[in-house]
$ cat my_file_13.txt   # compact mmCIF, C-alpha atoms and all ligand atoms
# COMPACT_ATOMS: atom_id res chain seq x y z
CA VAL E 1 1.60 20.11 -18.27
CA PRO E 2 -0.50 17.91 -20.55
CA PRO E 3 -3.76 19.67 -21.51
CA HIS E 4 -5.89 16.87 -20.01
CA VAL E 5 -4.16 17.50 -16.66
CA ALA E 6 -4.40 21.29 -16.89
CA SER E 7 -8.17 21.01 -17.35
CA LEU E 8 -8.74 18.90 -14.22
CA THR E 9 -10.18 20.18 -10.96
CA PRO E 10 -9.13 18.41 -7.76
CA TYR E 11 -11.52 16.18 -5.85
CA VAL E 12 -12.92 18.15 -2.91
CA PRO E 13 -13.48 15.89 0.11
CA GLY E 14 -15.92 16.51 2.97
CA LYS E 15 -14.82 19.07 5.61
CA PRO E 16 -12.96 17.64 8.62
CA ILE E 17 -14.75 17.92 11.97
CA GLU E 18 -11.94 19.96 13.62
CA GLU E 19 -12.03 22.56 10.86
CA VAL E 20 -15.79 23.03 11.22
CA GLU E 21 -15.50 23.30 15.02
CA ARG E 22 -12.84 26.00 14.71
CA GLU E 23 -14.41 27.94 11.86
CA TYR E 24 -18.00 27.91 13.12
CA GLY E 25 -17.45 27.75 16.89
CA VAL E 26 -19.58 24.64 17.26
CA SER E 27 -19.03 21.40 19.16
CA ASP E 28 -20.44 17.88 19.02
CA VAL E 29 -20.38 18.05 15.23
CA ALA E 30 -22.33 15.43 13.27
CA LYS E 31 -20.26 14.49 10.22
CA LEU E 32 -22.65 13.01 7.71
CA ALA E 33 -20.70 13.92 4.60
CA SER E 34 -18.65 11.00 3.34
CA ASN E 35 -20.75 7.85 3.70
CA GLU E 36 -18.59 6.56 6.52
CA ASN E 37 -19.63 3.94 9.08
CA ALA E 38 -21.44 5.66 11.97
CA LEU E 39 -20.62 2.80 14.36
CA GLY E 40 -16.90 3.25 13.84
CA PRO E 41 -14.39 0.63 12.80
CA SER E 42 -14.61 -3.06 13.54
CA PRO E 43 -13.04 -3.39 17.04
CA LYS E 44 -11.29 -6.57 15.93
CA ALA E 45 -9.76 -4.71 13.02
CA VAL E 46 -8.56 -1.92 15.30
CA ALA E 47 -6.88 -4.44 17.62
CA ALA E 48 -5.17 -6.12 14.67
CA ALA E 49 -4.07 -2.75 13.30
CA ARG E 50 -2.50 -1.85 16.66
CA ASP E 51 -0.60 -5.12 16.78
CA ALA E 52 0.55 -4.65 13.21
CA LEU E 53 2.21 -1.33 14.07
CA ASP E 54 5.11 -3.24 15.64
CA GLY E 55 6.01 -4.53 12.20
CA VAL E 56 6.04 -1.31 10.23
CA ASN E 57 9.82 -1.16 9.92
CA LEU E 58 9.36 -3.80 7.23
CA TYR E 59 7.74 -3.27 3.86
CA PRO E 60 4.29 -4.82 3.69
CA ASP E 61 3.68 -8.13 1.99
CA GLY E 62 3.54 -6.95 -1.62
CA SER E 63 1.29 -9.83 -2.65
CA ALA E 64 -1.11 -9.32 0.31
CA TYR E 65 -1.05 -13.10 0.71
CA TYR E 66 -3.13 -13.46 3.87
CA LEU E 67 -5.64 -10.80 2.94
CA ARG E 68 -6.23 -12.16 -0.54
CA ASN E 69 -6.58 -15.68 0.84
CA ALA E 70 -9.03 -14.52 3.50
CA LEU E 71 -11.06 -12.65 0.88
CA ALA E 72 -11.04 -15.63 -1.46
CA ALA E 73 -12.27 -17.95 1.29
CA LYS E 74 -15.00 -15.53 2.29
CA LEU E 75 -16.19 -14.95 -1.29
CA GLY E 76 -15.86 -18.51 -2.59
CA VAL E 77 -13.31 -17.66 -5.29
CA THR E 78 -9.62 -18.47 -5.72
CA PRO E 79 -6.88 -16.10 -4.46
CA ALA E 80 -5.78 -15.70 -8.09
CA GLU E 81 -9.09 -13.96 -8.76
CA VAL E 82 -8.64 -11.40 -5.98
CA PHE E 83 -6.80 -8.08 -6.12
CA VAL E 84 -6.49 -5.40 -3.48
CA GLY E 85 -5.80 -1.69 -3.49
CA ASN E 86 -5.38 1.50 -1.54
CA GLY E 87 -9.13 1.96 -1.40
CA SER E 88 -11.31 0.78 -4.26
CA ASN E 89 -10.58 4.22 -5.66
CA GLU E 90 -7.12 3.00 -6.60
CA LEU E 91 -8.64 -0.03 -8.27
CA ILE E 92 -10.92 2.19 -10.36
CA GLU E 93 -7.86 4.09 -11.53
CA LEU E 94 -5.94 0.87 -12.19
CA MET E 95 -8.73 -0.47 -14.39
CA VAL E 96 -8.28 2.51 -16.69
CA ARG E 97 -4.49 2.60 -16.48
CA THR E 98 -4.08 -1.10 -17.15
CA PHE E 99 -6.62 -1.66 -19.89
CA VAL E 100 -7.65 1.48 -21.76
CA LEU E 101 -5.61 2.60 -24.77
CA GLU E 102 -5.47 6.20 -25.91
CA ASN E 103 -8.08 5.78 -28.65
CA GLU E 104 -10.41 3.66 -26.53
CA GLU E 105 -13.33 4.63 -24.31
CA VAL E 106 -14.53 4.40 -20.74
CA LEU E 107 -18.31 4.18 -20.43
CA THR E 108 -20.36 5.12 -17.38
CA SER E 109 -23.51 6.97 -16.42
CA ALA E 110 -23.74 10.73 -16.09
CA GLN E 111 -23.88 11.91 -12.49
CA SER E 112 -22.62 8.63 -11.14
CA PHE E 113 -19.55 8.24 -8.93
CA VAL E 114 -17.12 11.02 -9.72
CA ALA E 115 -14.00 8.82 -9.41
CA TYR E 116 -14.82 7.12 -12.73
CA LYS E 117 -14.65 10.44 -14.51
CA LEU E 118 -11.49 11.45 -12.72
CA ALA E 119 -9.81 8.12 -13.52
CA ALA E 120 -10.55 8.55 -17.22
CA SER E 121 -9.81 12.24 -17.55
CA ALA E 122 -6.64 12.19 -15.40
CA GLN E 123 -5.23 9.68 -17.84
CA GLY E 124 -6.44 11.49 -20.92
CA ARG E 125 -8.92 8.78 -21.86
CA THR E 126 -12.26 9.42 -23.51
CA LEU E 127 -15.19 9.21 -21.14
CA VAL E 128 -18.61 8.41 -22.56
CA GLU E 129 -21.51 9.18 -20.24
CA ALA E 130 -25.00 7.78 -20.75
CA PRO E 131 -27.89 9.94 -19.58
CA MET E 132 -29.67 8.94 -16.41
CA LYS E 133 -33.22 7.54 -16.42
CA GLY E 134 -35.28 10.28 -14.84
CA ARG E 135 -32.82 12.19 -12.72
CA PHE E 136 -31.60 9.52 -10.40
CA HIS E 137 -31.42 6.07 -12.02
CA TYR E 138 -28.92 4.27 -14.19
CA ASP E 139 -30.30 3.78 -17.69
CA LEU E 140 -28.75 0.50 -18.79
CA ASP E 141 -30.60 0.63 -22.12
CA ALA E 142 -29.05 3.99 -22.90
CA MET E 143 -25.66 2.62 -21.82
CA LYS E 144 -26.16 -0.40 -24.07
CA LYS E 145 -26.66 1.88 -27.05
CA LEU E 146 -23.35 3.62 -26.31
CA LEU E 147 -21.33 0.40 -26.30
CA SER E 148 -18.91 0.27 -29.19
CA ARG E 149 -15.81 -1.62 -30.18
CA LYS E 150 -13.87 1.20 -28.55
CA THR E 151 -15.52 0.63 -25.14
CA LYS E 152 -12.82 -1.00 -23.05
CA VAL E 153 -13.99 -0.48 -19.48
CA VAL E 154 -17.52 0.17 -18.18
CA PHE E 155 -18.15 1.46 -14.66
CA ILE E 156 -21.52 0.68 -13.10
CA ALA E 157 -22.17 1.56 -9.46
CA ASN E 158 -24.89 -0.61 -7.95
CA PRO E 159 -25.99 0.89 -5.59
CA ASP E 160 -25.06 4.22 -7.10
CA ASN E 161 -23.35 7.14 -5.39
CA PRO E 162 -24.56 9.92 -5.02
CA THR E 163 -28.14 8.90 -5.86
CA GLY E 164 -28.30 5.73 -3.73
CA THR E 165 -30.42 4.02 -6.37
CA CYS E 166 -29.99 0.39 -7.24
CA PHE E 167 -31.25 -1.91 -10.00
CA PRO E 168 -32.24 -5.59 -9.98
CA GLU E 169 -30.44 -8.29 -11.97
CA ARG E 170 -33.03 -8.36 -14.76
CA GLU E 171 -32.05 -4.81 -15.79
CA LEU E 172 -28.38 -5.67 -15.93
CA LEU E 173 -28.52 -8.91 -17.94
CA PRO E 174 -29.42 -7.39 -21.34
CA PHE E 175 -26.50 -4.99 -20.94
CA LEU E 176 -24.10 -7.81 -20.10
CA ASP E 177 -25.43 -9.81 -23.06
CA ALA E 178 -24.73 -6.88 -25.36
CA ALA E 179 -21.25 -6.02 -24.05
CA PRO E 180 -18.39 -7.49 -26.10
CA ARG E 181 -16.32 -10.05 -24.21
CA GLU E 182 -13.27 -7.79 -24.63
CA THR E 183 -15.07 -5.06 -22.68
CA LEU E 184 -14.49 -5.24 -18.93
CA VAL E 185 -17.70 -4.43 -17.07
CA VAL E 186 -16.86 -3.18 -13.59
CA LEU E 187 -19.67 -3.60 -11.08
CA ASP E 188 -18.80 -1.28 -8.22
CA GLU E 189 -20.52 -2.69 -5.14
CA ALA E 190 -19.15 -0.38 -2.46
CA TYR E 191 -22.59 -0.30 -0.78
CA LEU E 192 -23.64 -3.91 -1.42
CA GLU E 193 -24.14 -4.78 2.24
CA PHE E 194 -26.80 -2.10 2.70
CA VAL E 195 -29.08 -3.35 -0.09
CA ASP E 196 -32.50 -4.74 0.70
CA LEU E 197 -33.95 -4.51 -2.80
CA PRO E 198 -35.81 -7.64 -3.95
CA GLY E 199 -34.26 -9.09 -7.11
CA TYR E 200 -30.86 -7.55 -6.44
CA GLN E 201 -28.00 -9.78 -7.50
CA ASP E 202 -24.41 -9.03 -6.69
CA GLY E 203 -21.79 -9.42 -9.40
CA LEU E 204 -19.96 -12.45 -8.05
CA ALA E 205 -22.61 -14.89 -9.20
CA LEU E 206 -22.71 -13.30 -12.65
CA ARG E 207 -19.02 -13.92 -13.28
CA ARG E 208 -19.58 -17.53 -14.27
CA LYS E 209 -21.71 -16.58 -17.25
CA TYR E 210 -19.96 -13.26 -17.90
CA PRO E 211 -16.22 -13.67 -17.34
CA ASN E 212 -15.67 -10.04 -18.35
CA VAL E 213 -17.39 -8.87 -15.15
CA VAL E 214 -15.09 -7.31 -12.57
CA VAL E 215 -16.48 -6.76 -9.07
CA LEU E 216 -15.12 -3.96 -6.86
CA ARG E 217 -15.80 -3.64 -3.14
CA THR E 218 -14.40 -1.78 -0.17
CA PHE E 219 -13.62 -1.99 3.53
CA SER E 220 -14.49 1.71 3.85
CA LYS E 221 -18.23 1.37 4.40
CA ILE E 222 -19.53 -1.80 6.05
CA HIS E 223 -16.25 -2.51 7.90
CA GLY E 224 -15.68 1.12 8.91
CA LEU E 225 -12.06 1.28 7.71
CA ALA E 226 -12.20 4.25 5.33
CA GLY E 227 -9.16 5.85 6.97
CA LEU E 228 -6.97 2.83 6.29
CA ARG E 229 -7.74 2.85 2.55
CA LEU E 230 -8.52 -0.71 1.60
CA GLY E 231 -10.51 -1.95 -1.35
CA TYR E 232 -10.67 -5.21 -3.25
CA GLY E 233 -11.73 -6.63 -6.54
CA VAL E 234 -12.65 -9.99 -8.02
CA ALA E 235 -11.85 -10.68 -11.64
CA ARG E 236 -10.54 -13.33 -14.01
CA PRO E 237 -6.98 -14.40 -13.07
CA ASP E 238 -5.53 -12.90 -16.26
CA VAL E 239 -7.16 -9.55 -15.48
CA VAL E 240 -5.74 -9.68 -11.95
CA GLU E 241 -2.33 -10.57 -13.32
CA TYR E 242 -2.26 -7.57 -15.68
CA ILE E 243 -3.30 -5.23 -12.87
CA ASP E 244 -0.47 -6.72 -10.80
CA ARG E 245 1.99 -5.60 -13.44
CA VAL E 246 0.78 -1.99 -13.34
CA ARG E 247 0.06 -1.32 -9.67
CA ALA E 248 2.65 0.15 -7.31
CA PRO E 249 4.66 -2.67 -5.68
CA PHE E 250 3.42 -2.07 -2.10
CA ASN E 251 0.06 -0.47 -2.77
CA VAL E 252 -1.65 -1.78 0.39
CA ASN E 253 0.14 -1.02 3.63
CA HIS E 254 0.90 -3.50 6.39
CA VAL E 255 -1.59 -2.08 8.91
CA ALA E 256 -4.45 -2.11 6.41
CA GLN E 257 -3.73 -5.71 5.42
CA ALA E 258 -3.81 -6.88 9.05
CA ALA E 259 -6.96 -4.90 9.80
CA GLY E 260 -8.65 -6.24 6.67
CA VAL E 261 -8.03 -9.86 7.62
CA ALA E 262 -9.45 -9.23 11.11
CA ALA E 263 -12.44 -7.29 9.78
CA LEU E 264 -13.41 -10.25 7.61
CA ARG E 265 -13.69 -12.33 10.79
CA ASP E 266 -15.89 -9.76 12.51
CA ASP E 267 -19.34 -10.83 11.33
CA GLU E 268 -20.87 -9.19 14.37
CA HIS E 269 -19.69 -5.72 13.36
CA VAL E 270 -20.89 -6.28 9.81
CA ALA E 271 -24.32 -7.33 11.05
CA LYS E 272 -24.54 -4.37 13.44
CA SER E 273 -23.49 -1.90 10.76
CA ARG E 274 -26.05 -3.25 8.33
CA ALA E 275 -28.80 -3.28 10.94
CA LEU E 276 -28.07 0.32 11.91
CA VAL E 277 -28.35 1.55 8.31
CA LEU E 278 -31.48 -0.48 7.57
CA ALA E 279 -33.15 0.91 10.70
CA GLU E 280 -31.96 4.52 10.44
CA ARG E 281 -32.25 5.00 6.66
CA PRO E 282 -36.07 5.08 6.67
CA PHE E 283 -36.03 7.27 9.80
CA LEU E 284 -33.74 9.82 8.15
CA ALA E 285 -35.63 9.66 4.84
CA ALA E 286 -38.98 10.21 6.54
CA GLY E 287 -37.59 13.12 8.55
CA LEU E 288 -36.16 14.70 5.40
CA ALA E 289 -39.46 14.34 3.58
CA ALA E 290 -41.19 15.94 6.56
CA VAL E 291 -39.05 19.08 6.19
CA GLY E 292 -40.00 19.30 2.51
CA ALA E 293 -37.14 17.50 0.79
CA THR E 294 -37.57 15.24 -2.20
CA VAL E 295 -35.86 12.09 -1.02
CA VAL E 296 -34.44 9.60 -3.50
CA PRO E 297 -35.11 6.05 -2.23
CA SER E 298 -31.67 4.83 -1.19
CA GLN E 299 -30.01 1.43 -0.99
CA GLY E 300 -26.78 2.86 0.37
CA ASN E 301 -25.67 4.15 3.79
CA PHE E 302 -26.65 7.66 2.70
CA VAL E 303 -29.61 9.51 1.26
CA LEU E 304 -29.76 12.06 -1.56
CA ALA E 305 -32.24 14.77 -0.60
CA ASP E 306 -33.26 17.58 -2.91
CA PHE E 307 -34.41 20.89 -1.48
CA PRO E 308 -36.04 22.68 -4.41
CA GLY E 309 -35.34 26.41 -4.40
CA ARG E 310 -32.51 26.03 -1.87
CA PRO E 311 -29.10 26.50 -3.49
CA GLY E 312 -26.94 23.62 -2.27
CA LYS E 313 -23.93 25.63 -1.16
CA GLN E 314 -26.02 27.96 0.99
CA LEU E 315 -27.93 25.21 2.75
CA PHE E 316 -24.66 23.34 3.33
CA GLU E 317 -23.16 26.44 4.99
CA ASP E 318 -26.28 27.01 7.07
CA LEU E 319 -26.02 23.44 8.35
CA LEU E 320 -22.33 23.87 9.17
CA ARG E 321 -23.28 26.71 11.49
CA GLU E 322 -25.53 24.22 13.28
CA GLY E 323 -22.69 21.71 13.60
CA VAL E 324 -23.88 19.36 10.87
CA ILE E 325 -21.66 18.45 7.92
CA VAL E 326 -23.43 17.11 4.85
CA ARG E 327 -22.34 17.04 1.23
CA PRO E 328 -23.73 19.54 -1.27
CA MET E 329 -24.08 18.02 -4.71
CA VAL E 330 -23.79 21.27 -6.66
CA GLY E 331 -20.81 20.18 -8.73
CA TYR E 332 -22.48 16.87 -9.50
CA GLY E 333 -25.47 18.07 -11.47
CA PHE E 334 -27.79 18.37 -8.48
CA PRO E 335 -27.69 22.11 -7.66
CA THR E 336 -30.20 21.95 -4.80
CA ALA E 337 -29.43 18.51 -3.37
CA GLN E 338 -27.46 17.34 -0.34
CA ARG E 339 -26.09 13.85 0.17
CA ILE E 340 -26.51 12.90 3.81
CA THR E 341 -24.89 9.86 5.41
CA VAL E 342 -27.07 7.70 7.61
CA GLY E 343 -25.72 8.30 11.12
CA LEU E 344 -26.53 7.18 14.63
CA ARG E 345 -30.04 8.09 15.80
CA ARG E 346 -28.79 11.17 17.69
CA GLU E 347 -26.81 12.37 14.65
CA ASN E 348 -29.79 11.91 12.37
CA GLU E 349 -31.97 13.76 14.85
CA LYS E 350 -29.45 16.57 15.09
CA CYS E 351 -29.36 16.85 11.31
CA LEU E 352 -33.16 16.93 11.05
CA ALA E 353 -33.47 19.50 13.84
CA ALA E 354 -30.86 21.70 12.14
CA LEU E 355 -32.70 21.44 8.84
CA LYS E 356 -35.98 22.36 10.48
CA LYS E 357 -34.35 25.43 11.98
CA VAL E 358 -32.53 26.68 8.88
CA LEU E 359 -35.47 25.93 6.59
CA GLY E 360 -37.83 27.69 9.00
CA LYS E 361 -40.11 24.64 9.28
N1 LIG V 1 -17.22 3.32 -5.25
C1 LIG V 1 -18.24 4.06 -4.83
C2 LIG V 1 -19.53 3.96 -5.56
C3 LIG V 1 -18.08 4.92 -3.74
O1 LIG V 1 -19.08 5.70 -3.34
C4 LIG V 1 -16.83 4.98 -3.06
C5 LIG V 1 -16.59 5.84 -1.85
N2 LIG V 1 -17.03 7.09 -1.87
C6 LIG V 1 -15.79 4.20 -3.58
C7 LIG V 1 -16.02 3.38 -4.65
C8 LIG V 1 -14.40 4.31 -3.05
O2 LIG V 1 -14.25 3.77 -1.84
P1 LIG V 1 -12.80 3.56 -1.23
O3 LIG V 1 -11.78 4.14 -2.14
O4 LIG V 1 -12.85 4.21 0.08
O5 LIG V 1 -12.65 2.06 -1.13

$ encode --input "my_file_13.txt" --output "structure tokens"
Amino acid sequence: VPPHVASLTPYVPGKPIEEVEREYGVSDVAKLASNENALGPSPKAVAAARDALDGVNLYPDGSAYYLRNALAAKLGVTPAEVFVGNGSNELIELMVRTFVLENEEVLTSAQSFVAYKLAASAQGRTLVEAPMKGRFHYDLDAMKKLLSRKTKVVFIANPDNPTGTCFPERELLPFLDAAPRETLVVLDEAYLEFVDLPGYQDGLALRRKYPNVVVLRTFSKIHGLAGLRLGYGVARPDVVEYIDRVRAPFNVNHVAQAAGVAALRDDEHVAKSRALVLAERPFLAAGLAAVGATVVPSQGNFVLADFPGRPGKQLFEDLLREGVIVRPMVGYGFPTAQRITVGLRRENEKCLAALKKVLGK
């Protein structure tokens, strides 16, 4: 086993509802652990997925023709600039696999999305991590200073996971100006649709001036299709073409492709999902602050809440006993913080009531 593989630890996902019900003897569990869509999937996508099941004796369309065309039309780019994957997680991995040589570097921010680190380390590539600004914000100046001729791929999550913080365009531009054109700057916009920050600019518009920008997005959050694993990217056609050479031939399955096309037509579900998060995020944040948490202002569909003096693992377990699944951030450099997905009002209320009880408030 290569040493870089032997030193890895596997990604630990959120606990499944059934397991918590069985282990803790609870029912009506609120799963607020994995930043999923509380409203569920787009109903149009579900209908399309059901219909698509009749065709699963055939391999999927390996070029994802209809999905890439639908994405291109929606985003105002050409299909040649669009690539799709088995979740944007696969696309993160493909960026490293396709473009980073053994002696080159991947640059990101410490305590940002863990998949960047995994993608680099699983492939034995050097990961350079810039410190955060304060505890919770990307420091693009610090990242700028770490750019070198070896930097091949940069991962920037905006909004960030797990902090939920977000930065406006003016903070990003000096970094993009400083990055060599040979360096691919990946703007991971998994939570784009939940942003209401003034001055925020998504990466698509920046691509004209900065052709080395790669935008990654996902159907897992706003469209509610996390279980189907579907992500997409927008990049220069030559970048897309190289990724095409490296990816597995049928990396996006038939059902996911059909559901994705239908989800893109379901503006109503998108609007509802966004409205729910924008309404419930401040409710959840205020409730968390009221039970004594330090709440990081979030632009995602989740909130990072720090409970000083409360070891993360313990509080997580206490909440499980109350039928609430959150995500302790112990392994992520936040030993007393929990990441809590914005749920439906009753789920958020259940979470806040459980916290009140276990914190003795
Ligand atoms: N990027 C960020 C910042 C995320 O938080 C997530 C999901 N946790 C992803 C990418 C991956 O999403 P998916 O693979 O489900 O498309």

$ closest_residue --input "my_file_13.txt" --among "E:Ala45, E:Leu91, E:Ala286, E:Leu319" --to "ligand LIG 1 (chain V)" --atoms "only C-alpha atoms and all ligand atoms"
E:Leu91

$ residues_around --input "my_file_13.txt" --residues "region 198-201 of chain E" --least-positions-apart "2" --cutoff "8 Å" --atoms "all atoms listed in the file" --output "number ranges by chain"
E: 167-170, 195-196, 203, 205

$ residues_near_ligand --input "my_file_13.txt" --ligand "ligand LIG 1 (chain V)" --cutoff "6 Å" --atoms "only C-alpha atoms and all ligand atoms" --output "PyMOL selection string"
chain E and resi 87-89+113+157+160-161+188+190+218+220+226+229-231

$ closest_residue --input "my_file_13.txt" --among "E:Ala235, E:Ala179, E:Val154, E:Leu172" --to "Val96 (chain E)" --atoms "all atoms listed in the file"
E:Val154

$ residues_around --input "my_file_13.txt" --residues "Leu315 (chain E)" --least-positions-apart "5" --cutoff "9 Å" --atoms "all atoms listed in the file" --output "list in words"
Phe307, Arg310, Leu320, Pro328, Thr336, Gln338, Leu355, Val358 and Leu359 of chain E

$ closest_residue --input "my_file_13.txt" --among "E:Ala263, E:Val26, E:Leu204, E:Ile222" --to "Leu75 (chain E)" --atoms "only C-alpha atoms"
E:Leu204

$ closest_residue --input "my_file_13.txt" --among "E:His254, E:Arg327, E:Lys313, E:Arg339" --to "Ala52 (chain E)" --atoms "only C-alpha atoms"
E:His254

$ closest_residue --input "my_file_13.txt" --among "E:Ala279, E:Val106, E:Leu228, E:Ala70" --to "Thr183 (chain E)" --atoms "only C-alpha atoms"
E:Val106

$ atom_distance --input "my_file_13.txt" --atom1 "CA of Asn212 (chain E)" --atom2 "CA of Arg265 (chain E)"
29.3 Å

$ atom_distance --input "my_file_13.txt" --atom1 "CA of Pro282 (chain E)" --atom2 "CA of Tyr138 (chain E)"
22.1 Å

$ residues_around --input "my_file_13.txt" --residues "Ala110 (chain E)" --least-positions-apart "2" --cutoff "12 Å" --atoms "all atoms listed in the file" --output "PyMOL selection string"
chain E and resi 107-108+112-117+127-140+142-143+155-157+160-163+332-334

$ atom_distance --input "my_file_13.txt" --atom1 "CA of Lys356 (chain E)" --atom2 "CA of Glu21 (chain E)"
21.0 Å

$ closest_residue --input "my_file_13.txt" --among "E:Gly55, E:Pro211, E:Gly309, E:Gly323" --to "Ala293 (chain E)" --atoms "all atoms listed in the file"
E:Gly309

$ axis_aligned_box --input "my_file_13.txt" --around "region 327-346 of chain E" --padding-each-side "3 Å" --output "AutoDock Vina command-line options"
--center_x -25.5 --center_y 14.6 --center_z 3.1 --size_x 15.4 --size_y 20.9 --size_z 35.2

$ residues_around --input "my_file_13.txt" --residues "Val303 (chain E)" --least-positions-apart "6" --cutoff "9 Å" --atoms "all atoms listed in the file" --output "PyMOL selection string"
chain E and resi 162-164+281+284-285+295-297+338-342

$ residues_around --input "my_file_13.txt" --residues "Val326 (chain E)" --least-positions-apart "6" --cutoff "12 Å" --atoms "all atoms listed in the file" --output "number ranges by chain"
E: 13-17, 20, 29-36, 302-305, 312-320, 337-343, 347-348, 350-352, 354-355

$ write_last_selection --input "my_file_13.txt" --atoms "C-alpha atoms" --output "compact mmCIF listing (two decimals), in the coordinates of the input"
# COMPACT_ATOMS: atom_id res chain seq x y z
CA PRO E 13 -13.48 15.89 0.11
CA GLY E 14 -15.92 16.51 2.97
CA LYS E 15 -14.82 19.07 5.61
CA PRO E 16 -12.96 17.64 8.62
CA ILE E 17 -14.75 17.92 11.97
CA VAL E 20 -15.79 23.03 11.22
CA VAL E 29 -20.38 18.05 15.23
CA ALA E 30 -22.33 15.43 13.27
CA LYS E 31 -20.26 14.49 10.22
CA LEU E 32 -22.65 13.01 7.71
CA ALA E 33 -20.70 13.92 4.60
CA SER E 34 -18.65 11.00 3.34
CA ASN E 35 -20.75 7.85 3.70
CA GLU E 36 -18.59 6.56 6.52
CA PHE E 302 -26.65 7.66 2.70
CA VAL E 303 -29.61 9.51 1.26
CA LEU E 304 -29.76 12.06 -1.56
CA ALA E 305 -32.24 14.77 -0.60
CA GLY E 312 -26.94 23.62 -2.27
CA LYS E 313 -23.93 25.63 -1.16
CA GLN E 314 -26.02 27.96 0.99
CA LEU E 315 -27.93 25.21 2.75
CA PHE E 316 -24.66 23.34 3.33
CA GLU E 317 -23.16 26.44 4.99
CA ASP E 318 -26.28 27.01 7.07
CA LEU E 319 -26.02 23.44 8.35
CA LEU E 320 -22.33 23.87 9.17
CA ALA E 337 -29.43 18.51 -3.37
CA GLN E 338 -27.46 17.34 -0.34
CA ARG E 339 -26.09 13.85 0.17
CA ILE E 340 -26.51 12.90 3.81
CA THR E 341 -24.89 9.86 5.41
CA VAL E 342 -27.07 7.70 7.61
CA GLY E 343 -25.72 8.30 11.12
CA GLU E 347 -26.81 12.37 14.65
CA ASN E 348 -29.79 11.91 12.37
CA LYS E 350 -29.45 16.57 15.09
CA CYS E 351 -29.36 16.85 11.31
CA LEU E 352 -33.16 16.93 11.05
CA ALA E 354 -30.86 21.70 12.14
CA LEU E 355 -32.70 21.44 8.84
